[in-house]
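Visitor: File name target.cif; file contents mmCIF, C-alpha atoms; full text below.
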```
data_model
loop_
_atom_site.group_PDB
_atom_site.id
_atom_site.type_symbol
_atom_site.label_atom_id
_atom_site.label_comp_id
_atom_site.auth_asym_id
_atom_site.auth_seq_id
_atom_site.Cartn_x
_atom_site.Cartn_y
_atom_site.Cartn_z
ATOM 1 C CA MET E 109 3.845 21.430 -64.247
ATOM 2 C CA ARG E 110 6.802 19.978 -62.399
ATOM 3 C CA ARG E 111 7.511 21.633 -59.068
ATOM 4 C CA ARG E 112 10.938 23.224 -58.732
ATOM 5 C CA GLN E 113 13.002 21.482 -56.084
ATOM 6 C CA THR E 114 14.422 23.489 -53.221
ATOM 7 C CA ARG E 115 18.150 23.308 -52.674
ATOM 8 C CA ILE E 116 17.678 21.404 -49.404
ATOM 9 C CA HIS E 117 15.510 18.763 -51.079
ATOM 10 C CA ARG E 118 17.907 18.377 -53.973
ATOM 11 C CA GLY E 119 20.906 18.232 -51.633
ATOM 12 C CA LEU E 120 19.435 15.626 -49.261
ATOM 13 C CA VAL E 121 17.119 13.604 -51.514
ATOM 14 C CA GLY E 122 18.288 14.278 -55.086
ATOM 15 C CA ASP E 123 22.003 14.531 -55.794
ATOM 16 C CA ARG E 124 22.674 14.434 -51.983
ATOM 17 C CA ALA E 125 25.497 16.942 -52.334
ATOM 18 C CA LEU E 126 24.677 18.501 -48.947
ATOM 19 C CA VAL E 127 24.885 15.285 -46.932
ATOM 20 C CA GLY E 128 27.340 15.650 -44.052
ATOM 21 C CA SER E 129 28.191 19.253 -44.964
ATOM 22 C CA GLY E 130 26.920 21.131 -41.895
ATOM 23 C CA TYR E 131 24.181 22.713 -44.006
ATOM 24 C CA LEU E 132 22.105 23.731 -40.972
ATOM 25 C CA SER E 133 24.667 26.401 -40.134
ATOM 26 C CA ARG E 134 23.555 28.289 -43.270
ATOM 27 C CA ALA E 135 20.461 30.387 -42.622
ATOM 28 C CA LYS E 136 18.701 29.848 -45.967
ATOM 29 C CA LEU E 137 19.214 26.095 -45.924
ATOM 30 C CA ARG E 138 18.107 25.913 -42.299
ATOM 31 C CA GLN E 139 14.919 27.757 -43.217
ATOM 32 C CA GLU E 140 14.249 25.358 -46.103
ATOM 33 C CA TYR E 141 14.988 22.387 -43.858
ATOM 34 C CA GLU E 142 12.534 23.571 -41.200
ATOM 35 C CA ALA E 143 9.804 24.131 -43.799
ATOM 36 C CA GLU E 144 10.273 20.998 -45.884
ATOM 37 C CA ILE E 145 12.244 18.250 -44.100
ATOM 38 C CA ALA E 146 11.355 18.754 -40.429
ATOM 39 C CA PRO E 147 7.574 18.202 -40.875
ATOM 40 C CA ARG E 148 8.329 14.870 -42.528
ATOM 41 C CA THR E 149 10.491 13.809 -39.593
ATOM 42 C CA GLU E 150 7.723 14.769 -37.174
ATOM 43 C CA ALA E 151 5.125 12.785 -39.125
ATOM 44 C CA ALA E 152 7.371 9.722 -39.369
ATOM 45 C CA LEU E 153 8.196 9.703 -35.651
ATOM 46 C CA ARG E 154 4.564 10.254 -34.654
ATOM 47 C CA ARG E 155 3.552 7.202 -36.692
ATOM 48 C CA ILE E 156 6.292 5.065 -35.155
ATOM 49 C CA LEU E 157 5.506 6.196 -31.605
ATOM 50 C CA GLY E 158 1.830 5.433 -32.219
ATOM 51 C CA GLN E 159 2.670 1.853 -33.163
ATOM 52 C CA VAL E 160 5.308 0.934 -30.578
ATOM 53 C CA GLY E 161 4.418 0.052 -27.000
ATOM 54 C CA PHE E 162 6.780 0.992 -24.168
ATOM 55 C CA GLN E 163 7.443 -1.688 -21.588
ATOM 56 C CA GLN E 164 7.520 0.596 -18.541
ATOM 57 C CA GLY E 165 5.065 3.270 -19.625
ATOM 58 C CA PRO E 166 5.703 6.490 -21.578
ATOM 59 C CA PRO E 167 9.364 7.600 -21.664
ATOM 60 C CA ARG E 168 10.344 10.183 -19.091
ATOM 61 C CA ARG E 169 13.877 10.957 -20.298
ATOM 62 C CA VAL E 170 14.653 11.189 -24.029
ATOM 63 C CA LEU E 171 17.863 11.772 -26.003
ATOM 64 C CA ASP E 172 17.547 13.257 -29.509
ATOM 65 C CA LEU E 173 20.755 12.631 -31.471
ATOM 66 C CA GLY E 174 21.249 14.836 -34.525
ATOM 67 C CA ALA E 175 18.368 17.041 -33.375
ATOM 68 C CA GLY E 176 18.610 19.514 -36.257
ATOM 69 C CA THR E 177 15.808 22.059 -35.950
ATOM 70 C CA GLY E 178 13.970 20.087 -33.261
ATOM 71 C CA ALA E 179 11.463 18.051 -35.289
ATOM 72 C CA ALA E 180 11.868 14.854 -33.248
ATOM 73 C CA GLY E 181 11.567 16.799 -30.004
ATOM 74 C CA ARG E 182 8.294 18.346 -31.107
ATOM 75 C CA ALA E 183 6.895 14.928 -32.001
ATOM 76 C CA ILE E 184 8.013 13.500 -28.640
ATOM 77 C CA ARG E 185 6.450 16.315 -26.619
ATOM 78 C CA GLY E 186 3.308 16.080 -28.742
ATOM 79 C CA CYS E 187 2.984 12.386 -27.865
ATOM 80 C CA PHE E 188 4.148 12.373 -24.238
ATOM 81 C CA GLY E 189 3.657 15.924 -22.957
ATOM 82 C CA GLU E 190 5.832 18.820 -21.899
ATOM 83 C CA ASP E 191 7.083 17.090 -18.746
ATOM 84 C CA VAL E 192 9.416 14.813 -20.730
ATOM 85 C CA GLU E 193 13.067 15.610 -20.038
ATOM 86 C CA LEU E 194 14.487 16.073 -23.533
ATOM 87 C CA VAL E 195 18.222 16.302 -24.246
ATOM 88 C CA ALA E 196 18.795 17.453 -27.844
ATOM 89 C CA VAL E 197 22.266 17.039 -29.367
ATOM 90 C CA ASP E 198 23.614 18.352 -32.669
ATOM 91 C CA LYS E 199 26.967 19.536 -33.985
ATOM 92 C CA VAL E 200 25.322 22.745 -35.279
ATOM 93 C CA PRO E 201 24.164 25.223 -32.599
ATOM 94 C CA GLY E 202 20.484 26.033 -32.252
ATOM 95 C CA PRO E 203 17.853 26.862 -29.611
ATOM 96 C CA GLY E 204 17.902 24.249 -26.849
ATOM 97 C CA ILE E 205 20.724 22.310 -28.541
ATOM 98 C CA LEU E 206 23.654 20.744 -26.701
ATOM 99 C CA VAL E 207 26.492 21.143 -29.206
ATOM 100 C CA SER E 208 28.414 17.891 -29.598
ATOM 101 C CA ASP E 209 29.596 15.617 -32.400
ATOM 102 C CA VAL E 210 28.358 12.022 -32.224
ATOM 103 C CA LEU E 211 31.530 10.880 -33.995
ATOM 104 C CA HIS E 212 33.613 11.808 -30.957
ATOM 105 C CA GLY E 213 32.298 8.847 -28.975
ATOM 106 C CA VAL E 214 29.227 6.787 -28.181
ATOM 107 C CA ARG E 215 28.312 9.186 -25.365
ATOM 108 C CA PRO E 216 28.240 12.768 -26.690
ATOM 109 C CA ALA E 217 30.170 15.290 -24.629
ATOM 110 C CA GLY E 218 27.948 16.839 -21.966
ATOM 111 C CA VAL E 219 25.383 14.007 -21.958
ATOM 112 C CA SER E 220 24.996 12.207 -18.629
ATOM 113 C CA GLY E 221 22.897 9.339 -17.354
ATOM 114 C CA ARG E 222 20.667 6.895 -19.201
ATOM 115 C CA PHE E 223 17.494 7.386 -21.198
ATOM 116 C CA ASP E 224 14.152 5.665 -21.691
ATOM 117 C CA LEU E 225 14.220 6.590 -25.377
ATOM 118 C CA VAL E 226 17.028 7.475 -27.786
ATOM 119 C CA VAL E 227 16.060 8.870 -31.199
ATOM 120 C CA SER E 228 18.339 9.238 -34.211
ATOM 121 C CA ALA E 229 16.458 10.789 -37.138
ATOM 122 C CA HIS E 230 18.204 11.131 -40.515
ATOM 123 C CA LEU E 231 21.625 10.954 -38.889
ATOM 124 C CA LEU E 232 23.236 7.613 -39.764
ATOM 125 C CA ASN E 233 23.233 8.162 -43.517
ATOM 126 C CA GLU E 234 25.014 11.488 -43.015
ATOM 127 C CA LEU E 235 27.855 9.672 -41.254
ATOM 128 C CA SER E 236 28.549 7.434 -44.245
ATOM 129 C CA ALA E 237 31.632 9.407 -45.298
ATOM 130 C CA SER E 238 33.186 8.769 -41.875
ATOM 131 C CA LEU E 239 31.761 5.382 -40.857
ATOM 132 C CA ASP E 240 31.211 2.258 -42.939
ATOM 133 C CA LEU E 241 28.340 -0.113 -42.188
ATOM 134 C CA ASP E 242 30.275 -1.889 -39.430
ATOM 135 C CA GLY E 243 31.118 1.452 -37.845
ATOM 136 C CA ARG E 244 27.537 2.659 -37.949
ATOM 137 C CA ALA E 245 26.345 -0.614 -36.416
ATOM 138 C CA ARG E 246 28.901 -0.303 -33.610
ATOM 139 C CA LEU E 247 27.754 3.262 -32.938
ATOM 140 C CA VAL E 248 24.081 2.290 -32.691
ATOM 141 C CA ALA E 249 24.938 -0.736 -30.533
ATOM 142 C CA GLY E 250 26.903 1.611 -28.283
ATOM 143 C CA TRP E 251 23.917 3.910 -27.925
ATOM 144 C CA CYS E 252 21.742 0.952 -26.933
ATOM 145 C CA HIS E 253 24.197 -0.435 -24.376
ATOM 146 C CA ASP E 254 25.660 2.784 -22.934
ATOM 147 C CA LEU E 255 22.843 5.336 -23.187
ATOM 148 C CA LEU E 256 19.630 3.340 -22.751
ATOM 149 C CA GLU E 257 18.015 2.155 -19.564
ATOM 150 C CA PRO E 258 17.879 -1.668 -19.489
ATOM 151 C CA ASP E 259 14.278 -1.603 -20.759
ATOM 152 C CA GLY E 260 14.778 1.463 -22.966
ATOM 153 C CA THR E 261 14.055 1.883 -26.665
ATOM 154 C CA CYS E 262 16.152 3.230 -29.531
ATOM 155 C CA ILE E 263 14.469 4.526 -32.712
ATOM 156 C CA VAL E 264 16.501 5.088 -35.874
ATOM 157 C CA ILE E 265 14.829 6.840 -38.827
ATOM 158 C CA GLU E 266 16.432 7.146 -42.251
ATOM 159 C CA PRO E 267 15.348 8.375 -45.703
ATOM 160 C CA ALA E 268 13.381 5.881 -47.789
ATOM 161 C CA LEU E 269 15.777 6.069 -50.727
ATOM 162 C CA ARG E 270 16.852 2.651 -51.922
ATOM 163 C CA ASP E 271 20.517 3.061 -50.939
ATOM 164 C CA THR E 272 19.882 4.623 -47.520
ATOM 165 C CA SER E 273 17.178 2.074 -46.714
ATOM 166 C CA ARG E 274 19.300 -0.902 -47.753
ATOM 167 C CA SER E 275 22.201 0.485 -45.708
ATOM 168 C CA LEU E 276 19.929 0.639 -42.672
ATOM 169 C CA LEU E 277 18.856 -2.961 -43.287
ATOM 170 C CA SER E 278 22.516 -3.982 -43.438
ATOM 171 C CA VAL E 279 23.103 -2.207 -40.115
ATOM 172 C CA ARG E 280 20.035 -4.035 -38.783
ATOM 173 C CA ASP E 281 21.544 -7.425 -39.599
ATOM 174 C CA ARG E 282 24.746 -6.485 -37.777
ATOM 175 C CA LEU E 283 22.783 -5.332 -34.714
ATOM 176 C CA LEU E 284 20.837 -8.598 -34.593
ATOM 177 C CA ALA E 285 24.116 -10.510 -34.782
ATOM 178 C CA ALA E 286 25.354 -8.405 -31.854
ATOM 179 C CA GLY E 287 22.409 -9.571 -29.720
ATOM 180 C CA LEU E 288 20.061 -6.588 -29.939
ATOM 181 C CA GLY E 289 16.355 -7.070 -30.548
ATOM 182 C CA VAL E 290 14.505 -5.435 -33.450
ATOM 183 C CA VAL E 291 11.023 -4.626 -32.174
ATOM 184 C CA ALA E 292 9.733 -2.990 -35.367
ATOM 185 C CA PRO E 293 9.125 -3.012 -38.223
ATOM 186 C CA CYS E 294 10.533 -6.541 -38.353
ATOM 187 C CA PHE E 295 8.838 -9.761 -37.315
ATOM 188 C CA CYS E 296 11.665 -11.666 -38.982
ATOM 189 C CA GLN E 297 14.619 -11.902 -36.593
ATOM 190 C CA ALA E 298 16.928 -13.509 -39.142
ATOM 191 C CA ALA E 299 18.900 -11.887 -41.970
ATOM 192 C CA CYS E 300 16.719 -9.312 -43.716
ATOM 193 C CA PRO E 301 14.926 -10.949 -46.662
ATOM 194 C CA ALA E 302 14.742 -7.616 -48.512
ATOM 195 C CA LEU E 303 18.524 -7.714 -48.975
ATOM 196 C CA GLN E 304 18.335 -10.959 -50.920
ATOM 197 C CA ARG E 305 17.284 -9.104 -54.072
ATOM 198 C CA GLU E 306 19.148 -6.033 -55.294
ATOM 199 C CA HIS E 307 16.085 -3.916 -56.007
ATOM 200 C CA ASP E 308 14.159 -4.557 -52.763
ATOM 201 C CA TRP E 309 14.126 -2.297 -49.750
ATOM 202 C CA CYS E 310 11.786 -1.613 -46.848
ATOM 203 C CA HIS E 311 10.000 1.561 -45.826
ATOM 204 C CA ASP E 312 6.850 2.867 -44.193
ATOM 205 C CA SER E 313 4.790 5.985 -44.867
ATOM 206 C CA ALA E 314 2.899 8.622 -42.921
ATOM 207 C CA GLU E 315 0.406 11.252 -43.947
ATOM 208 C CA VAL E 316 1.701 14.817 -44.003
ATOM 209 C CA LEU E 317 0.930 17.802 -46.215
ATOM 210 C CA VAL E 318 4.207 19.548 -47.003
ATOM 211 C CA ALA E 319 5.775 20.908 -50.175
ATOM 212 C CA GLY E 320 2.765 19.811 -52.217
ATOM 213 C CA ARG E 321 3.000 16.176 -51.068
ATOM 214 C CA SER E 322 0.453 14.317 -48.959
ATOM 215 C CA ARG E 323 2.696 11.624 -47.503
ATOM 216 C CA VAL E 324 6.251 10.992 -46.420
ATOM 217 C CA ASP E 325 8.114 7.712 -46.886
ATOM 218 C CA PHE E 326 10.772 6.680 -44.368
ATOM 219 C CA SER E 327 12.783 3.673 -43.218
ATOM 220 C CA TYR E 328 13.182 2.908 -39.531
ATOM 221 C CA LEU E 329 14.240 0.505 -36.805
ATOM 222 C CA VAL E 330 12.995 0.197 -33.236
ATOM 223 C CA LEU E 331 15.626 -1.510 -31.095
ATOM 224 C CA ARG E 332 15.918 -2.816 -27.544
ATOM 225 C CA ARG E 333 18.793 -4.381 -25.671
ATOM 226 C CA ALA E 334 16.984 -7.659 -25.072
ATOM 227 C CA ALA E 335 16.331 -10.002 -27.968
ATOM 228 C CA ALA E 336 12.834 -9.678 -29.408
ATOM 229 C CA ALA E 337 10.201 -12.119 -28.174
ATOM 230 C CA ALA E 338 9.016 -14.937 -30.410
ATOM 231 C CA VAL E 339 6.555 -13.691 -33.008
ATOM 232 C CA ASP E 340 3.256 -15.230 -34.065
ATOM 233 C CA THR E 341 3.881 -16.676 -37.519
ATOM 234 C CA GLY E 342 0.442 -15.449 -38.621
ATOM 235 C CA ARG E 343 1.415 -11.767 -38.269
ATOM 236 C CA TYR E 344 2.933 -9.865 -41.188
ATOM 237 C CA ARG E 345 4.042 -6.299 -41.867
ATOM 238 C CA VAL E 346 2.828 -4.819 -45.155
ATOM 239 C CA VAL E 347 5.945 -3.684 -47.026
ATOM 240 C CA SER E 348 4.403 -2.387 -50.254
ATOM 241 C CA ASP E 349 1.563 -0.225 -51.432
ATOM 242 C CA PRO E 350 -1.497 -2.203 -52.587
ATOM 243 C CA ILE E 351 -1.121 -3.443 -56.165
ATOM 244 C CA LYS E 352 -4.521 -3.638 -57.843
ATOM 245 C CA ASP E 353 -4.348 -5.647 -61.031
ATOM 246 C CA LYS E 354 -7.296 -6.710 -63.144
ATOM 247 C CA GLY E 355 -9.230 -9.207 -61.083
ATOM 248 C CA ARG E 356 -6.927 -9.339 -58.071
ATOM 249 C CA LEU E 357 -5.304 -7.467 -55.183
ATOM 250 C CA ARG E 358 -1.645 -8.010 -54.305
ATOM 251 C CA LEU E 359 0.562 -6.886 -51.431
ATOM 252 C CA PHE E 360 4.052 -7.763 -50.310
ATOM 253 C CA VAL E 361 4.288 -8.705 -46.642
ATOM 254 C CA CYS E 362 7.101 -9.699 -44.301
ATOM 255 C CA GLY E 363 6.742 -11.987 -41.296
ATOM 256 C CA ALA E 364 8.682 -14.293 -39.038
ATOM 257 C CA MET E 365 9.325 -16.695 -41.924
ATOM 258 C CA GLY E 366 10.366 -14.063 -44.462
ATOM 259 C CA ARG E 367 9.027 -11.826 -47.216
ATOM 260 C CA PHE E 368 6.137 -12.993 -49.426
ATOM 261 C CA ALA E 369 3.698 -11.884 -52.076
ATOM 262 C CA LEU E 370 0.121 -11.970 -50.809
ATOM 263 C CA MET E 371 -2.705 -12.237 -53.357
ATOM 264 C CA ARG E 372 -6.507 -12.298 -53.304
ATOM 265 C CA LEU E 373 -8.636 -12.713 -56.405
ATOM 266 C CA ASP E 374 -11.605 -10.363 -56.562
ATOM 267 C CA ARG E 375 -13.968 -13.335 -56.703
ATOM 268 C CA ASP E 376 -12.590 -14.489 -53.310
ATOM 269 C CA ARG E 377 -13.391 -11.248 -51.491
ATOM 270 C CA SER E 378 -15.627 -12.042 -48.502
ATOM 271 C CA ASP E 379 -16.709 -10.776 -45.091
ATOM 272 C CA ALA E 380 -13.879 -12.809 -43.569
ATOM 273 C CA ASN E 381 -11.137 -11.117 -45.583
ATOM 274 C CA GLN E 382 -12.572 -7.692 -46.483
ATOM 275 C CA ALA E 383 -10.200 -6.026 -43.964
ATOM 276 C CA LEU E 384 -7.513 -6.564 -46.584
ATOM 277 C CA ASP E 385 -9.116 -3.749 -48.612
ATOM 278 C CA CYS E 386 -7.916 -1.253 -45.996
ATOM 279 C CA ALA E 387 -4.357 -2.567 -45.586
ATOM 280 C CA ARG E 388 -1.660 0.022 -46.278
ATOM 281 C CA ARG E 389 2.116 0.086 -46.192
ATOM 282 C CA GLY E 390 3.381 -0.396 -42.643
ATOM 283 C CA ASP E 391 0.201 -1.986 -41.276
ATOM 284 C CA ILE E 392 0.187 -5.343 -39.492
ATOM 285 C CA VAL E 393 -1.915 -7.991 -41.220
ATOM 286 C CA VAL E 394 -3.053 -10.980 -39.150
ATOM 287 C CA LEU E 395 -3.587 -14.188 -41.140
ATOM 288 C CA PRO E 396 -4.261 -17.020 -38.681
ATOM 289 C CA ASN E 397 -5.334 -19.561 -41.300
ATOM 290 C CA ALA E 398 -3.383 -18.671 -44.454
ATOM 291 C CA PRO E 399 -0.477 -21.052 -45.088
ATOM 292 C CA VAL E 400 2.606 -19.944 -46.985
ATOM 293 C CA GLN E 401 2.966 -21.736 -50.317
ATOM 294 C CA ASP E 402 5.756 -21.777 -52.884
ATOM 295 C CA ASN E 403 4.296 -18.794 -54.717
ATOM 296 C CA GLY E 404 3.469 -16.801 -51.574
ATOM 297 C CA ILE E 405 0.252 -16.422 -49.578
ATOM 298 C CA ARG E 406 -3.132 -16.910 -51.224
ATOM 299 C CA VAL E 407 -6.157 -15.359 -49.535
ATOM 300 C CA VAL E 408 -9.330 -17.247 -50.432
ATOM 301 C CA ALA E 409 -12.955 -16.727 -49.451
ATOM 302 C CA ASP E 410 -12.674 -18.450 -46.065
ATOM 303 C CA THR E 411 -9.313 -16.850 -45.129
ATOM 304 C CA THR E 412 -9.659 -14.681 -42.024
ATOM 305 C CA VAL E 413 -7.831 -11.342 -42.265
ATOM 306 C CA GLY E 414 -7.325 -8.855 -39.445
ATOM 307 C CA ILE E 415 -5.515 -5.509 -39.328
ATOM 308 C CA GLY E 416 -3.611 -4.335 -36.278
#
```
Translate the structure described by the file into structure tokens.
Guide:
Amino acid sequence: MRRRQTRIHRGLVGDRALVGSGYLSRAKLRQEYEAEIAPRTEAALRRILGQVGFQQGPPRRVLDLGAGTGAAGRAIRGCFGEDVELVAVDKVPGPGILVSDVLHGVRPAGVSGRFDLVVSAHLLNELSASLDLDGRARLVAGWCHDLLEPDGTCIVIEPALRDTSRSLLSVRDRLLAAGLGVVAPCFCQAACPALQREHDWCHDSAEVLVAGRSRVDFSYLVLRRAAAAAVDTGRYRVVSDPIKDKGRLRLFVCGAMGRFALMRLDRDRSDANQALDCARRGDIVVLPNAPVQDNGIRVVADTTVGIG
């Protein structure tokens, strides 16, 4: 039996009629958002924070842009403790919210100083009616230059819908061209290879039990003001779920040299490469002795595979 969609899910994920409408000011929609959307944001941010290292230790001062019902703040305090100074900004009033509109300038009214971490969760796509891709890229670049400490980190999370994800990837390319570094999920610091084909996009997933679902998919960027360091060409991000065909295992991975299909025949499974059995979307696969060929990456019996 197909589960009936809530209005908030339909309006943000289905027909998207609620996007940019100030829906959180309506009590019923706010309640649905807190029950259904907020737990997904928390799960996504917890997974990202668990993967990303911070250069100067855990963040002490954090800015949450488009804070909504406080999901990102809960994830941040859960990871770093209650002593974190958290400034939460949204255009809709709520408990602990500084009311300000991010479209009125790079620095929201009432926000002072710089931050170790700036988080924007499910905000950029809701600005699409007001800002094109160039405008959204300029806004994010402004956050990184004007709101972050020199060694600070900016995390942008967006829905994993094809259009919203591809828009984020287009913003990513503009940010790279502007001199920012993409720390994650990308090892490739050139134009995004997922944009080369119309039906490709990039997203991660996290486990969460909400609204009858056991996982949430999301797209994200982790940005810093300095260009990203050179990446080991043997490290790849898994950008698909495992594809188990008859007699073989396939994954799509993305590394410093681009996006490739990775394949291992069942007869080539060995102690050296058995870690591939556990690889999931978003994981880092280490392949120190697997060359890229015209048809992708072939894992054979003596190919060493690591995860992490």
Visitor: When you count all atoms listed in the file, which of these residues is closest to Thr149 of chain E: E:Asp240, E:Asp271, E:Asp349, E:Asp325?
Guide: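 The closest residue to Thr149 of chain E is E:Asp325.
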Visitor: Please determine, counting all atoms listed in the file, which residue among E:Val413, E:Leu225, E:Ala152, E:Ala314 has the shortest atom-to-atom distance to Gln164 of chain E.
Guide: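 Smallest separation from Gln164 of chain E among the options: E:Leu225.
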Visitor: I'd like to know which of E:Leu329, E:Leu395, E:Cys252, E:Met371 is closest to Tyr344 of chain E, using all atoms listed in the file.
Guide: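 Using all atoms listed in the file, the shortest distance to Tyr344 of chain E belongs to E:Leu395.
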Visitor: Hey, can you pull every residue with an atom no more than 6 Å from (-12.4, -10.4, -59.7), using all atoms listed in the file, and send it as a PyMOL selection string?
Guide: chain E and resi 355-356+373-375
Visitor: Pull out every residue that the PyMOL selection byres ((chain E and resi 198-208) around 8) matches in the shown coordinates and put them as a PDB file with C-alpha atoms, in the coordinates of the input.
Guide:
```pdb
ATOM      1  CA  GLY E 130      26.920  21.131 -41.895  1.00  0.00           C
ATOM      2  CA  LEU E 132      22.105  23.731 -40.972  1.00  0.00           C
ATOM      3  CA  SER E 133      24.667  26.401 -40.134  1.00  0.00           C
ATOM      4  CA  LEU E 173      20.755  12.631 -31.471  1.00  0.00           C
ATOM      5  CA  GLY E 174      21.249  14.836 -34.525  1.00  0.00           C
ATOM      6  CA  ALA E 175      18.368  17.041 -33.375  1.00  0.00           C
ATOM      7  CA  GLY E 176      18.610  19.514 -36.257  1.00  0.00           C
ATOM      8  CA  THR E 177      15.808  22.059 -35.950  1.00  0.00           C
ATOM      9  CA  VAL E 195      18.222  16.302 -24.246  1.00  0.00           C
ATOM     10  CA  ALA E 196      18.795  17.453 -27.844  1.00  0.00           C
ATOM     11  CA  VAL E 197      22.266  17.039 -29.367  1.00  0.00           C
ATOM     12  CA  ASP E 209      29.596  15.617 -32.400  1.00  0.00           C
ATOM     13  CA  VAL E 210      28.358  12.022 -32.224  1.00  0.00           C
ATOM     14  CA  PRO E 216      28.240  12.768 -26.690  1.00  0.00           C
ATOM     15  CA  ALA E 217      30.170  15.290 -24.629  1.00  0.00           C
ATOM     16  CA  GLY E 218      27.948  16.839 -21.966  1.00  0.00           C
TER      17      GLY E 218
END
```
Visitor: Using only C-alpha atoms for the distances, tell me which of E:Thr261, E:Gln159, E:Gln113, E:Ser220 is nearest to Gly390 of chain E.
Guide: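 Using only C-alpha atoms, the shortest distance to Gly390 of chain E belongs to E:Gln159.
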Visitor: Which value, in Å to one decimal, gives the distance between atom CA of His230 of chain E and atom CA of Ala369 of chain E?
Guide: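 According to the coordinates, atom CA of His230 of chain E and atom CA of Ala369 of chain E are separated by 29.6 Å.
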Visitor: If you count only C-alpha atoms, which residues fall within 8 Å of Arg168 of chain E, apart from same-chain ones fewer than 3 positions away, as a list in words?
Guide: Asp191, Val192, Glu193, Phe223 and Asp224 of chain E
Visitor: Let's have the selection written as a PDB file, in the coordinates of the input, with C-alpha atoms.
Guide:
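Below you can see part-v4.pdb, which holds the result:
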```pdb
ATOM      1  CA  ASP E 191       7.083  17.090 -18.746  1.00  0.00           C
ATOM      2  CA  VAL E 192       9.416  14.813 -20.730  1.00  0.00           C
ATOM      3  CA  GLU E 193      13.067  15.610 -20.038  1.00  0.00           C
ATOM      4  CA  PHE E 223      17.494   7.386 -21.198  1.00  0.00           C
ATOM      5  CA  ASP E 224      14.152   5.665 -21.691  1.00  0.00           C
TER       6      ASP E 224
END
```
Visitor: Let me make sure I understand: among E:Gly165, E:Val400, E:Arg124, E:His117, which one has the smallest atom-to-atom distance to Thr272 of chain E if we use only C-alpha atoms?
Guide: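 Closest to Thr272 of chain E, using only C-alpha atoms: E:Arg124.
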Visitor: Which residues, protein or nucleic acid, reach to within 12 Å of (14.9, -4.5, -16.9) in the file's coordinates when using all atoms listed in the file, and can you give that as a list of chain:residue names?
Guide: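 These residues have at least one counted atom within 12 Å: E:Gln163, E:Gln164, E:Asp224, E:Leu256, E:Glu257, E:Pro258, E:Asp259, E:Gly260, E:Thr261, E:Arg332, E:Arg333, E:Ala334.
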Visitor: Please provide the set of residues having any atom within 10 Å of Ala249 of chain E, restricted to all atoms listed in the file, with same-chain residues fewer than 5 positions apart removed, written as number ranges by chain.
Guide: E: 214, 243-244, 254-255, 262, 279, 282-284, 286-288, 331-333
Visitor: Any chance you could work out the residue set of the PyMOL selection byres ((chain E and resi 184) around 9) here, as a short mmCIF file (atom, residue, chain, number, x, y, z; two decimals) with C-alpha atoms, in the frame of the given file?
Guide:
```
data_model
loop_
_atom_site.label_atom_id
_atom_site.label_comp_id
_atom_site.auth_asym_id
_atom_site.auth_seq_id
_atom_site.Cartn_x
_atom_site.Cartn_y
_atom_site.Cartn_z
CA GLU E 150 7.72 14.77 -37.17
CA LEU E 153 8.20 9.70 -35.65
CA ARG E 154 4.56 10.25 -34.65
CA LEU E 157 5.51 6.20 -31.60
CA VAL E 170 14.65 11.19 -24.03
CA ALA E 179 11.46 18.05 -35.29
CA ALA E 180 11.87 14.85 -33.25
CA GLY E 181 11.57 16.80 -30.00
CA ARG E 182 8.29 18.35 -31.11
CA ALA E 183 6.90 14.93 -32.00
CA ARG E 185 6.45 16.32 -26.62
CA GLY E 186 3.31 16.08 -28.74
CA CYS E 187 2.98 12.39 -27.86
CA PHE E 188 4.15 12.37 -24.24
CA GLY E 189 3.66 15.92 -22.96
CA GLU E 190 5.83 18.82 -21.90
CA VAL E 192 9.42 14.81 -20.73
CA LEU E 194 14.49 16.07 -23.53
#
```
Visitor: What would segment 400-408 of chain E look like with N, CA and C atoms restored, written as a compact mmCIF listing (two decimals), in the coordinates of the input?
Guide:
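And here is the file that came out, out.txt:
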```
# COMPACT_ATOMS: atom_id res chain seq x y z
N VAL E 400 1.67 -20.42 -45.97
CA VAL E 400 2.61 -19.94 -46.98
C VAL E 400 2.86 -21.07 -47.98
N GLN E 401 2.71 -20.77 -49.26
CA GLN E 401 2.97 -21.74 -50.32
C GLN E 401 4.18 -21.29 -51.13
N ASP E 402 4.56 -22.08 -52.09
CA ASP E 402 5.76 -21.78 -52.88
C ASP E 402 5.65 -20.42 -53.57
N ASN E 403 4.46 -20.05 -54.00
CA ASN E 403 4.30 -18.79 -54.72
C ASN E 403 3.79 -17.68 -53.82
N GLY E 404 3.86 -17.85 -52.50
CA GLY E 404 3.47 -16.80 -51.57
C GLY E 404 2.27 -17.19 -50.74
N ILE E 405 1.42 -16.22 -50.43
CA ILE E 405 0.25 -16.42 -49.58
C ILE E 405 -1.00 -16.13 -50.40
N ARG E 406 -1.88 -17.08 -50.48
CA ARG E 406 -3.13 -16.91 -51.22
C ARG E 406 -4.27 -16.73 -50.23
N VAL E 407 -4.97 -15.62 -50.34
CA VAL E 407 -6.16 -15.36 -49.54
C VAL E 407 -7.38 -15.80 -50.33
N VAL E 408 -8.12 -16.75 -49.77
CA VAL E 408 -9.33 -17.25 -50.43
C VAL E 408 -10.55 -16.82 -49.61
```
